[in-house]
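Text of the file start_0.cif, holding mmCIF, C-alpha atoms:
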data_protein
#
loop_
_atom_site.label_atom_id
_atom_site.label_comp_id
_atom_site.auth_asym_id
_atom_site.auth_seq_id
_atom_site.Cartn_x
_atom_site.Cartn_y
_atom_site.Cartn_z
CA MET X 1 -19.64 -22.64 -34.74
CA PRO X 2 -20.21 -19.28 -36.44
CA ILE X 3 -16.54 -18.48 -35.86
CA GLU X 4 -15.51 -21.57 -37.77
CA SER X 5 -17.75 -20.67 -40.73
CA GLU X 6 -16.28 -17.15 -40.92
CA GLN X 7 -12.76 -18.54 -40.91
CA LYS X 8 -13.49 -21.02 -43.63
CA SER X 9 -15.08 -18.56 -46.07
CA PRO X 10 -11.80 -16.83 -47.11
CA SER X 11 -10.09 -20.14 -47.72
CA ASP X 12 -13.08 -21.33 -49.77
CA GLY X 13 -12.72 -18.29 -51.97
CA LYS X 14 -9.05 -18.97 -52.52
CA VAL X 15 -9.73 -22.56 -53.44
CA CYS X 16 -12.33 -21.55 -55.98
CA GLY X 17 -9.94 -19.03 -57.53
CA PHE X 18 -7.20 -21.65 -57.65
CA PHE X 19 -9.34 -24.06 -59.63
CA LYS X 20 -10.52 -21.37 -62.01
CA LEU X 21 -6.96 -20.62 -63.06
CA PRO X 22 -6.31 -23.87 -64.98
CA PHE X 23 -9.63 -23.53 -66.82
CA ARG X 24 -8.69 -20.04 -67.95
CA GLN X 25 -5.38 -21.30 -69.24
CA SER X 26 -7.19 -24.08 -71.03
CA ASP X 27 -9.46 -21.52 -72.80
CA ASN X 28 -6.44 -19.52 -73.93
CA ASN X 29 -4.82 -22.64 -75.35
CA THR X 30 -8.00 -23.46 -77.26
CA SER X 31 -8.10 -20.04 -78.95
CA THR X 32 -4.44 -20.30 -79.82
CA THR X 33 -4.81 -23.72 -81.47
CA SER X 34 -7.71 -22.49 -83.59
CA SER X 35 -5.58 -19.61 -84.99
CA SER X 36 -2.43 -21.56 -85.99
CA SER X 37 -1.62 -25.21 -86.74
CA SER X 38 1.94 -24.91 -85.32
CA ALA X 39 0.56 -23.97 -81.92
CA SER X 40 -1.77 -26.95 -82.22
CA ASN X 41 1.16 -29.28 -82.84
CA LEU X 42 3.05 -27.75 -79.94
CA HIS X 43 0.04 -28.23 -77.74
CA GLY X 44 -0.23 -31.84 -78.83
CA GLN X 45 3.42 -32.48 -77.98
CA SER X 46 3.14 -30.93 -74.56
CA GLN X 47 -0.05 -32.85 -73.67
CA PRO X 48 1.69 -36.08 -72.57
CA HIS X 49 3.91 -34.07 -70.23
CA VAL X 50 0.86 -32.55 -68.56
CA GLU X 51 -0.76 -35.94 -68.17
CA GLY X 52 2.44 -37.38 -66.72
CA SER X 53 2.70 -34.60 -64.15
CA ASN X 54 -0.91 -35.09 -63.09
CA HIS X 55 -0.32 -38.80 -62.74
CA HIS X 56 2.76 -38.17 -60.62
CA GLY X 57 0.82 -35.84 -58.35
CA SER X 58 -2.01 -38.34 -57.97
CA ALA X 59 0.51 -41.08 -57.14
CA ASN X 60 1.99 -38.93 -54.40
CA SER X 61 -1.44 -38.24 -52.95
CA VAL X 62 -2.31 -41.94 -52.99
CA SER X 63 0.99 -42.72 -51.26
CA SER X 64 0.32 -40.18 -48.51
CA VAL X 65 -3.18 -41.56 -47.99
CA ALA X 66 -1.80 -45.09 -47.79
CA LYS X 67 0.71 -44.05 -45.13
CA SER X 68 -2.04 -42.48 -43.06
CA LEU X 69 -4.22 -45.57 -43.34
CA PHE X 70 -1.39 -48.00 -42.58
CA PRO X 71 0.76 -46.50 -39.80
CA SER X 72 4.01 -48.05 -38.67
CA ARG X 73 3.70 -51.19 -36.59
CA ARG X 74 3.60 -50.53 -32.88
CA ARG X 75 5.71 -52.41 -30.36
CA LEU X 76 3.19 -52.33 -27.52
CA LYS X 77 -0.39 -53.45 -27.10
CA LEU X 78 -2.44 -51.47 -24.59
CA ASP X 79 -5.59 -52.50 -22.76
CA PRO X 80 -7.56 -50.21 -22.70
CA ALA X 81 -6.30 -49.05 -26.05
CA ASN X 82 -6.68 -45.26 -25.83
CA LYS X 83 -8.38 -44.35 -22.54
CA LEU X 84 -7.67 -44.32 -18.82
CA TYR X 85 -10.75 -44.94 -16.71
CA PHE X 86 -10.89 -43.34 -13.25
CA PRO X 87 -13.68 -43.66 -10.68
CA TYR X 88 -15.17 -40.23 -10.18
CA GLU X 89 -14.49 -39.35 -6.53
CA PRO X 90 -14.00 -35.56 -6.25
CA GLY X 91 -11.40 -34.46 -3.74
CA LYS X 92 -9.76 -37.90 -3.60
CA GLN X 93 -6.91 -39.68 -5.31
CA ALA X 94 -8.27 -42.15 -7.83
CA ARG X 95 -6.52 -45.03 -9.53
CA SER X 96 -6.58 -46.37 -13.06
CA ALA X 97 -4.78 -49.26 -14.72
CA VAL X 98 -3.54 -50.18 -18.17
CA ARG X 99 -2.05 -53.47 -19.29
CA ILE X 100 1.03 -53.04 -21.48
CA LYS X 101 2.25 -55.96 -23.56
CA ASN X 102 5.34 -56.16 -25.74
CA ARG X 103 4.14 -57.71 -28.98
CA SER X 104 7.39 -57.21 -30.87
CA LYS X 105 10.14 -59.80 -31.33
CA SER X 106 12.74 -57.78 -29.43
CA TYR X 107 13.09 -56.28 -25.98
CA ALA X 108 11.27 -52.97 -25.65
CA ALA X 109 11.32 -50.18 -23.09
CA PHE X 110 8.27 -48.05 -22.37
CA LYS X 111 7.91 -44.72 -20.64
CA PHE X 112 4.98 -42.64 -19.35
CA GLN X 113 4.56 -38.91 -19.68
CA THR X 114 1.68 -36.74 -18.50
CA THR X 115 0.53 -33.19 -19.05
CA SER X 116 -0.34 -32.90 -15.31
CA PRO X 117 2.72 -34.08 -13.38
CA LYS X 118 1.60 -32.26 -10.21
CA SER X 119 -1.62 -34.24 -9.85
CA CYS X 120 -0.75 -37.49 -11.65
CA PHE X 121 1.94 -40.13 -11.39
CA MET X 122 2.46 -43.66 -12.66
CA ARG X 123 3.75 -46.88 -11.13
CA PRO X 124 6.00 -47.98 -12.66
CA PRO X 125 6.86 -44.88 -14.72
CA GLY X 126 8.71 -47.13 -17.16
CA ALA X 127 10.13 -50.60 -17.60
CA ILE X 128 11.73 -53.00 -20.05
CA LEU X 129 9.65 -55.87 -21.35
CA ALA X 130 10.82 -59.08 -22.97
CA PRO X 131 9.07 -60.26 -26.16
CA GLY X 132 5.53 -61.31 -25.22
CA GLU X 133 5.86 -60.01 -21.65
CA SER X 134 3.12 -57.84 -20.16
CA ILE X 135 2.73 -55.64 -17.11
CA ILE X 136 -0.14 -53.74 -15.50
CA ALA X 137 0.77 -50.13 -14.78
CA THR X 138 -1.18 -48.21 -12.16
CA VAL X 139 -1.93 -44.54 -12.73
CA PHE X 140 -2.80 -42.23 -9.83
CA LYS X 141 -4.72 -39.00 -10.29
CA PHE X 142 -6.19 -36.45 -7.93
CA VAL X 143 -9.80 -35.76 -8.97
CA GLU X 144 -10.50 -32.05 -8.71
CA LEU X 145 -13.68 -30.71 -7.18
CA PRO X 146 -16.19 -29.35 -9.70
CA GLU X 147 -16.05 -25.63 -10.28
CA LYS X 148 -18.88 -23.28 -9.46
CA ASN X 149 -22.02 -23.79 -11.55
CA GLU X 150 -20.50 -26.96 -12.96
CA LYS X 151 -22.40 -30.21 -12.66
CA PRO X 152 -20.40 -33.34 -11.78
CA MET X 153 -21.79 -35.03 -14.87
CA ASP X 154 -20.19 -32.34 -17.06
CA GLN X 155 -16.73 -32.38 -15.48
CA LYS X 156 -13.90 -33.45 -17.75
CA SER X 157 -10.20 -33.75 -17.12
CA LYS X 158 -7.66 -32.08 -19.37
CA ALA X 159 -4.89 -34.44 -18.26
CA LYS X 160 -3.45 -36.68 -20.95
CA PHE X 161 -0.92 -39.48 -20.82
CA LYS X 162 1.58 -40.40 -23.48
CA ILE X 163 3.21 -43.82 -23.73
CA MET X 164 6.46 -44.07 -25.67
CA SER X 165 8.49 -47.13 -26.63
CA LEU X 166 12.09 -47.84 -27.53
CA LYS X 167 13.75 -50.97 -28.90
CA VAL X 168 16.61 -52.19 -26.72
CA LYS X 169 19.24 -54.86 -27.33
CA GLY X 170 18.35 -57.17 -24.46
CA PRO X 171 17.53 -57.45 -20.75
CA MET X 172 18.88 -54.52 -18.76
CA ASP X 173 17.96 -52.19 -15.94
CA TYR X 174 15.48 -49.50 -16.90
CA VAL X 175 16.67 -45.91 -16.68
CA PRO X 176 14.79 -42.90 -18.12
CA GLU X 177 17.99 -41.69 -19.77
CA LEU X 178 17.58 -44.41 -22.40
CA PHE X 179 14.96 -42.28 -24.12
CA ASP X 180 17.19 -39.20 -24.04
CA GLU X 181 20.18 -41.01 -25.51
CA GLN X 182 18.21 -42.46 -28.45
CA LYS X 183 15.63 -39.80 -29.26
CA ASP X 184 15.59 -40.69 -32.96
CA GLN X 185 14.49 -44.26 -32.19
CA VAL X 186 11.67 -43.37 -29.78
CA ALA X 187 8.14 -44.10 -30.99
CA ILE X 188 4.94 -42.61 -29.59
CA GLU X 189 2.67 -45.57 -28.98
CA GLN X 190 -0.52 -43.88 -27.82
CA ILE X 191 -1.93 -40.79 -26.13
CA LEU X 192 -4.47 -41.76 -23.47
CA ARG X 193 -7.25 -39.47 -22.37
CA VAL X 194 -9.06 -39.54 -19.04
CA VAL X 195 -12.60 -40.89 -18.75
CA PHE X 196 -14.48 -40.77 -15.45
CA LEU X 197 -16.66 -43.63 -14.27
CA TYR X 198 -19.28 -43.25 -11.56
CA PRO X 199 -18.92 -45.93 -8.84
CA GLY X 200 -22.67 -45.98 -8.23
CA ARG X 201 -23.31 -47.01 -11.82
CA PRO X 202 -21.86 -50.48 -12.49
CA CYS X 203 -20.62 -51.02 -16.02
CA ALA X 204 -18.27 -53.35 -17.87
CA ALA X 205 -15.44 -50.81 -17.92
CA LEU X 206 -15.65 -50.31 -14.13
CA GLU X 207 -15.63 -54.05 -13.42
CA LYS X 208 -12.66 -54.54 -15.72
CA LEU X 209 -10.81 -51.71 -13.98
CA LYS X 210 -11.37 -53.36 -10.60
CA ARG X 211 -9.92 -56.64 -11.88
CA GLN X 212 -6.87 -54.94 -13.35
CA LEU X 213 -6.22 -53.01 -10.14
CA ALA X 214 -6.49 -56.20 -8.11
CA ASP X 215 -3.98 -57.92 -10.43
CA ALA X 216 -1.63 -54.93 -10.17
CA ASP X 217 -1.82 -54.97 -6.35
CA ALA X 218 -1.15 -58.70 -6.26
CA ALA X 219 1.88 -58.33 -8.52
CA LEU X 220 3.22 -55.51 -6.33
CA GLU X 221 2.86 -57.55 -3.14
CA ALA X 222 4.53 -60.54 -4.77
CA SER X 223 7.51 -58.39 -5.76
CA LYS X 224 7.94 -57.18 -2.16
CA LYS X 225 8.10 -60.67 -0.64
CA PRO X 226 11.51 -62.32 -0.30
CA PRO X 227 11.98 -65.48 -2.34
CA GLU X 228 10.52 -68.44 -0.49
CA ASP X 229 12.78 -71.30 0.57
CA ALA X 230 11.99 -74.13 -1.76
CA GLY X 231 13.20 -76.65 0.84
CA PRO X 232 15.32 -79.67 0.00
CA GLY X 233 16.28 -80.00 -3.62
CA ILE X 234 14.96 -83.07 -5.40
CA ILE X 235 17.07 -84.73 -8.03
CA GLY X 236 15.68 -87.52 -10.16
CA GLU X 237 13.09 -89.73 -8.47
CA GLY X 238 13.10 -89.17 -4.71
CA LEU X 239 16.85 -88.49 -4.24
CA VAL X 240 16.84 -85.68 -1.68
CA ILE X 241 19.79 -83.45 -0.86
CA ASP X 242 19.20 -82.20 2.69
CA GLU X 243 20.84 -81.70 6.01
CA TRP X 244 20.56 -85.38 6.94
CA LYS X 245 22.68 -86.38 3.97
CA GLU X 246 25.30 -83.79 4.81
CA ARG X 247 25.51 -85.08 8.39
CA ARG X 248 25.85 -88.62 7.11
CA GLU X 249 28.70 -87.64 4.78
CA ARG X 250 30.50 -85.90 7.64
CA TYR X 251 30.01 -88.96 9.84
CA LEU X 252 31.48 -91.30 7.20
CA ALA X 253 34.43 -88.97 6.68
CA ARG X 254 35.08 -88.91 10.42
CA GLN X 255 34.90 -92.72 10.59
CA GLN X 256 37.51 -93.00 7.84
CA VAL X 257 39.85 -90.65 9.71
CA GLU X 258 39.43 -92.56 12.97
CA GLY X 259 40.07 -95.86 11.16
CA VAL X 260 43.31 -94.55 9.71
CA ASP X 261 44.45 -93.30 13.14
CA SER X 262 43.68 -96.64 14.87
CA SER X 263 45.64 -98.61 12.31
#

Take the structure I supplied and represent it as structure tokens, if you would.
Amino acid sequence: MPIESEQKSPSDGKVCGFFKLPFRQSDNNTSTTSSSSSASNLHGQSQPHVEGSNHHGSANSVSSVAKSLFPSRRRLKLDPANKLYFPYEPGKQARSAVRIKNRSKSYAAFKFQTTSPKSCFMRPPGAILAPGESIIATVFKFVELPEKNEKPMDQKSKAKFKIMSLKVKGPMDYVPELFDEQKDQVAIEQILRVVFLYPGRPCAALEKLKRQLADADAALEASKKPPEDAGPGIIGEGLVIDEWKERRERYLARQQVEGVDSS
């Protein structure tokens, strides 16, 4: 903290000097107007210009503040919004989960990036979502052992995860090259930071993480299974197309052929 105060003091001095300068100019203008009426008239004519310039500067500042308060609309909705919760299990690979939903009216691609690619990876690392579609992404991270003289309670991870989005024309296969080909259209949705949860201390965030991981595992298993045979197709009310009907049609066709031959 003392370092910050020493760094701020020179800038404070510059700011004070900057604001003193207009007041000094204002004093010089006052002495000039008292000595001659022509300078007074000139000062009166230039006053609206000064007011207009101040108003223009204030309008620009208001516009910049408005842009910071009302950022551009995001394509994706994340749950959790800005954190990735991991159970704290030192020396093991932990899992986290985040639900990603496309809340835009067009197809959107998303992509993960991490500052620690050697110890973290995501599944899936990216995908394309239809409007209103959501997916639960699983994030894997190796939890490092605490350093010497470091308490487990004080350990923090420096790993961060960035989620980017890109508007696409329609359904297509996801390839990472999409984000390289359209760099100007890529939007940074959120940067997620790591938060550790202690398994021995139940909390709402930990219970929610367990539910999301269970949903992600179920979705993964469902994607691995081959499509189930739906059985006979039903058309209308009870009209079944099955093997029996096909055999019957073959039998009738054979009877017609035999009848023609006998005649």

Could you name the residues that touch Ala130 (chain X) at 9 Å or less, counting all atoms listed in the file, but leaving out those on the same chain fewer than 4 positions away, as a ChimeraX atom specification? /X:102,104-109,134,170-171

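Each of X:Leu129, X:Ile163, X:Ala81, X:Ala216 was compared to Glu189 (chain X) using all atoms listed in the file, and X:Ile163 turns out to be the nearest.
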
Return as a PyMOL selection string the set of residues that the PyMOL selection byres ((chain X and resi 127) around 12) yields on the displayed structure. chain X and resi 100-102+107-112+122-126+128-130+133-137+163-168+171-176+178-179

Atomic separation - CA of Lys83 (chain X) relative to CA of Leu145 (chain X), Å: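 Between CA of Leu145 (chain X) and CA of Lys83 (chain X) the gap is 21.2 Å.
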
I'd like the neighbourhood of Ala214 (chain X) as a list in words, where a residue qualifies if any of its atoms comes within 12 Å (using all atoms listed in the file), though same-chain residues fewer than 6 positions away should be ignored. Arg95, Ser96, Ala97, Ile136, Ala137, Thr138, Glu207, Lys208, Leu220 and Glu221 of chain X

May I have the residues within 7 Å of region 192-204 of chain X as number ranges by chain, using only C-alpha atoms and disregarding those fewer than 6 positions away in the same chain? X: 82-88, 157, 159-162

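A straight line drawn from CA of Val98 (chain X) to CA of Pro80 (chain X) is 6.1 Å long.
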
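Between CA of Gln185 (chain X) and CA of Arg73 (chain X) the separation is 13.6 Å.
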
Generate N, CA, C and O atoms for region 152-177 of chain X and emit them as a compact mmCIF listing (two decimals), keeping the file's coordinate frame.
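File written: result.txt
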# COMPACT_ATOMS: atom_id res chain seq x y z
N PRO X 152 -21.37 -32.22 -11.75
CA PRO X 152 -20.40 -33.34 -11.78
C PRO X 152 -20.46 -34.15 -13.07
O PRO X 152 -19.45 -34.66 -13.54
N MET X 153 -21.64 -34.25 -13.63
CA MET X 153 -21.79 -35.03 -14.87
C MET X 153 -21.03 -34.39 -16.03
O MET X 153 -20.62 -35.06 -16.97
N ASP X 154 -20.82 -33.06 -15.95
CA ASP X 154 -20.19 -32.34 -17.06
C ASP X 154 -18.68 -32.17 -16.88
O ASP X 154 -18.02 -31.65 -17.78
N GLN X 155 -18.15 -32.60 -15.74
CA GLN X 155 -16.73 -32.38 -15.48
C GLN X 155 -15.87 -33.29 -16.34
O GLN X 155 -16.13 -34.48 -16.46
N LYS X 156 -14.85 -32.71 -16.94
CA LYS X 156 -13.90 -33.45 -17.75
C LYS X 156 -12.50 -33.07 -17.34
O LYS X 156 -12.24 -31.95 -16.90
N SER X 157 -11.59 -34.00 -17.49
CA SER X 157 -10.20 -33.75 -17.12
C SER X 157 -9.40 -33.43 -18.38
O SER X 157 -9.56 -34.06 -19.43
N LYS X 158 -8.52 -32.45 -18.25
CA LYS X 158 -7.66 -32.08 -19.37
C LYS X 158 -6.35 -32.86 -19.38
O LYS X 158 -5.55 -32.72 -20.29
N ALA X 159 -6.14 -33.67 -18.35
CA ALA X 159 -4.89 -34.44 -18.26
C ALA X 159 -4.84 -35.51 -19.34
O ALA X 159 -5.84 -36.18 -19.63
N LYS X 160 -3.68 -35.65 -19.94
CA LYS X 160 -3.45 -36.68 -20.95
C LYS X 160 -2.15 -37.41 -20.64
O LYS X 160 -1.26 -36.87 -19.99
N PHE X 161 -2.08 -38.64 -21.09
CA PHE X 161 -0.92 -39.48 -20.82
C PHE X 161 -0.38 -40.01 -22.14
O PHE X 161 -1.14 -40.47 -22.99
N LYS X 162 0.92 -39.92 -22.26
CA LYS X 162 1.58 -40.40 -23.48
C LYS X 162 2.48 -41.58 -23.12
O LYS X 162 3.25 -41.52 -22.17
N ILE X 163 2.38 -42.64 -23.91
CA ILE X 163 3.21 -43.82 -23.73
C ILE X 163 4.14 -43.93 -24.92
O ILE X 163 3.70 -43.96 -26.08
N MET X 164 5.44 -43.97 -24.63
CA MET X 164 6.46 -44.07 -25.67
C MET X 164 7.19 -45.40 -25.53
O MET X 164 7.25 -45.99 -24.46
N SER X 165 7.76 -45.87 -26.64
CA SER X 165 8.49 -47.13 -26.63
C SER X 165 9.84 -46.95 -27.31
O SER X 165 10.05 -46.03 -28.10
N LEU X 166 10.74 -47.87 -26.98
CA LEU X 166 12.09 -47.84 -27.53
C LEU X 166 12.61 -49.26 -27.60
O LEU X 166 12.52 -50.01 -26.62
N LYS X 167 13.16 -49.64 -28.74
CA LYS X 167 13.75 -50.97 -28.90
C LYS X 167 15.11 -51.00 -28.22
O LYS X 167 15.94 -50.11 -28.42
N VAL X 168 15.33 -52.04 -27.41
CA VAL X 168 16.61 -52.19 -26.72
C VAL X 168 17.21 -53.54 -27.10
O VAL X 168 16.52 -54.44 -27.58
N LYS X 169 18.51 -53.68 -26.86
CA LYS X 169 19.24 -54.86 -27.33
C LYS X 169 18.89 -56.12 -26.55
O LYS X 169 18.90 -57.21 -27.10
N GLY X 170 18.61 -55.98 -25.27
CA GLY X 170 18.35 -57.17 -24.46
C GLY X 170 17.95 -56.78 -23.05
O GLY X 170 17.68 -55.62 -22.76
N PRO X 171 17.91 -57.76 -22.14
CA PRO X 171 17.53 -57.45 -20.75
C PRO X 171 18.54 -56.52 -20.10
O PRO X 171 19.75 -56.70 -20.21
N MET X 172 18.04 -55.51 -19.44
CA MET X 172 18.88 -54.52 -18.76
C MET X 172 18.04 -53.78 -17.76
O MET X 172 16.80 -53.92 -17.73
N ASP X 173 18.68 -53.00 -16.90
CA ASP X 173 17.96 -52.19 -15.94
C ASP X 173 17.38 -50.96 -16.64
O ASP X 173 18.03 -50.34 -17.47
N TYR X 174 16.13 -50.65 -16.28
CA TYR X 174 15.48 -49.50 -16.90
C TYR X 174 15.97 -48.21 -16.27
O TYR X 174 16.02 -48.06 -15.04
N VAL X 175 16.34 -47.26 -17.11
CA VAL X 175 16.67 -45.91 -16.68
C VAL X 175 16.03 -44.94 -17.67
O VAL X 175 16.03 -45.20 -18.89
N PRO X 176 15.45 -43.84 -17.20
CA PRO X 176 14.79 -42.90 -18.12
C PRO X 176 15.74 -42.31 -19.16
O PRO X 176 15.30 -41.88 -20.23
N GLU X 177 17.04 -42.29 -18.84
CA GLU X 177 17.99 -41.69 -19.77
C GLU X 177 18.08 -42.43 -21.09
O GLU X 177 18.61 -41.90 -22.08
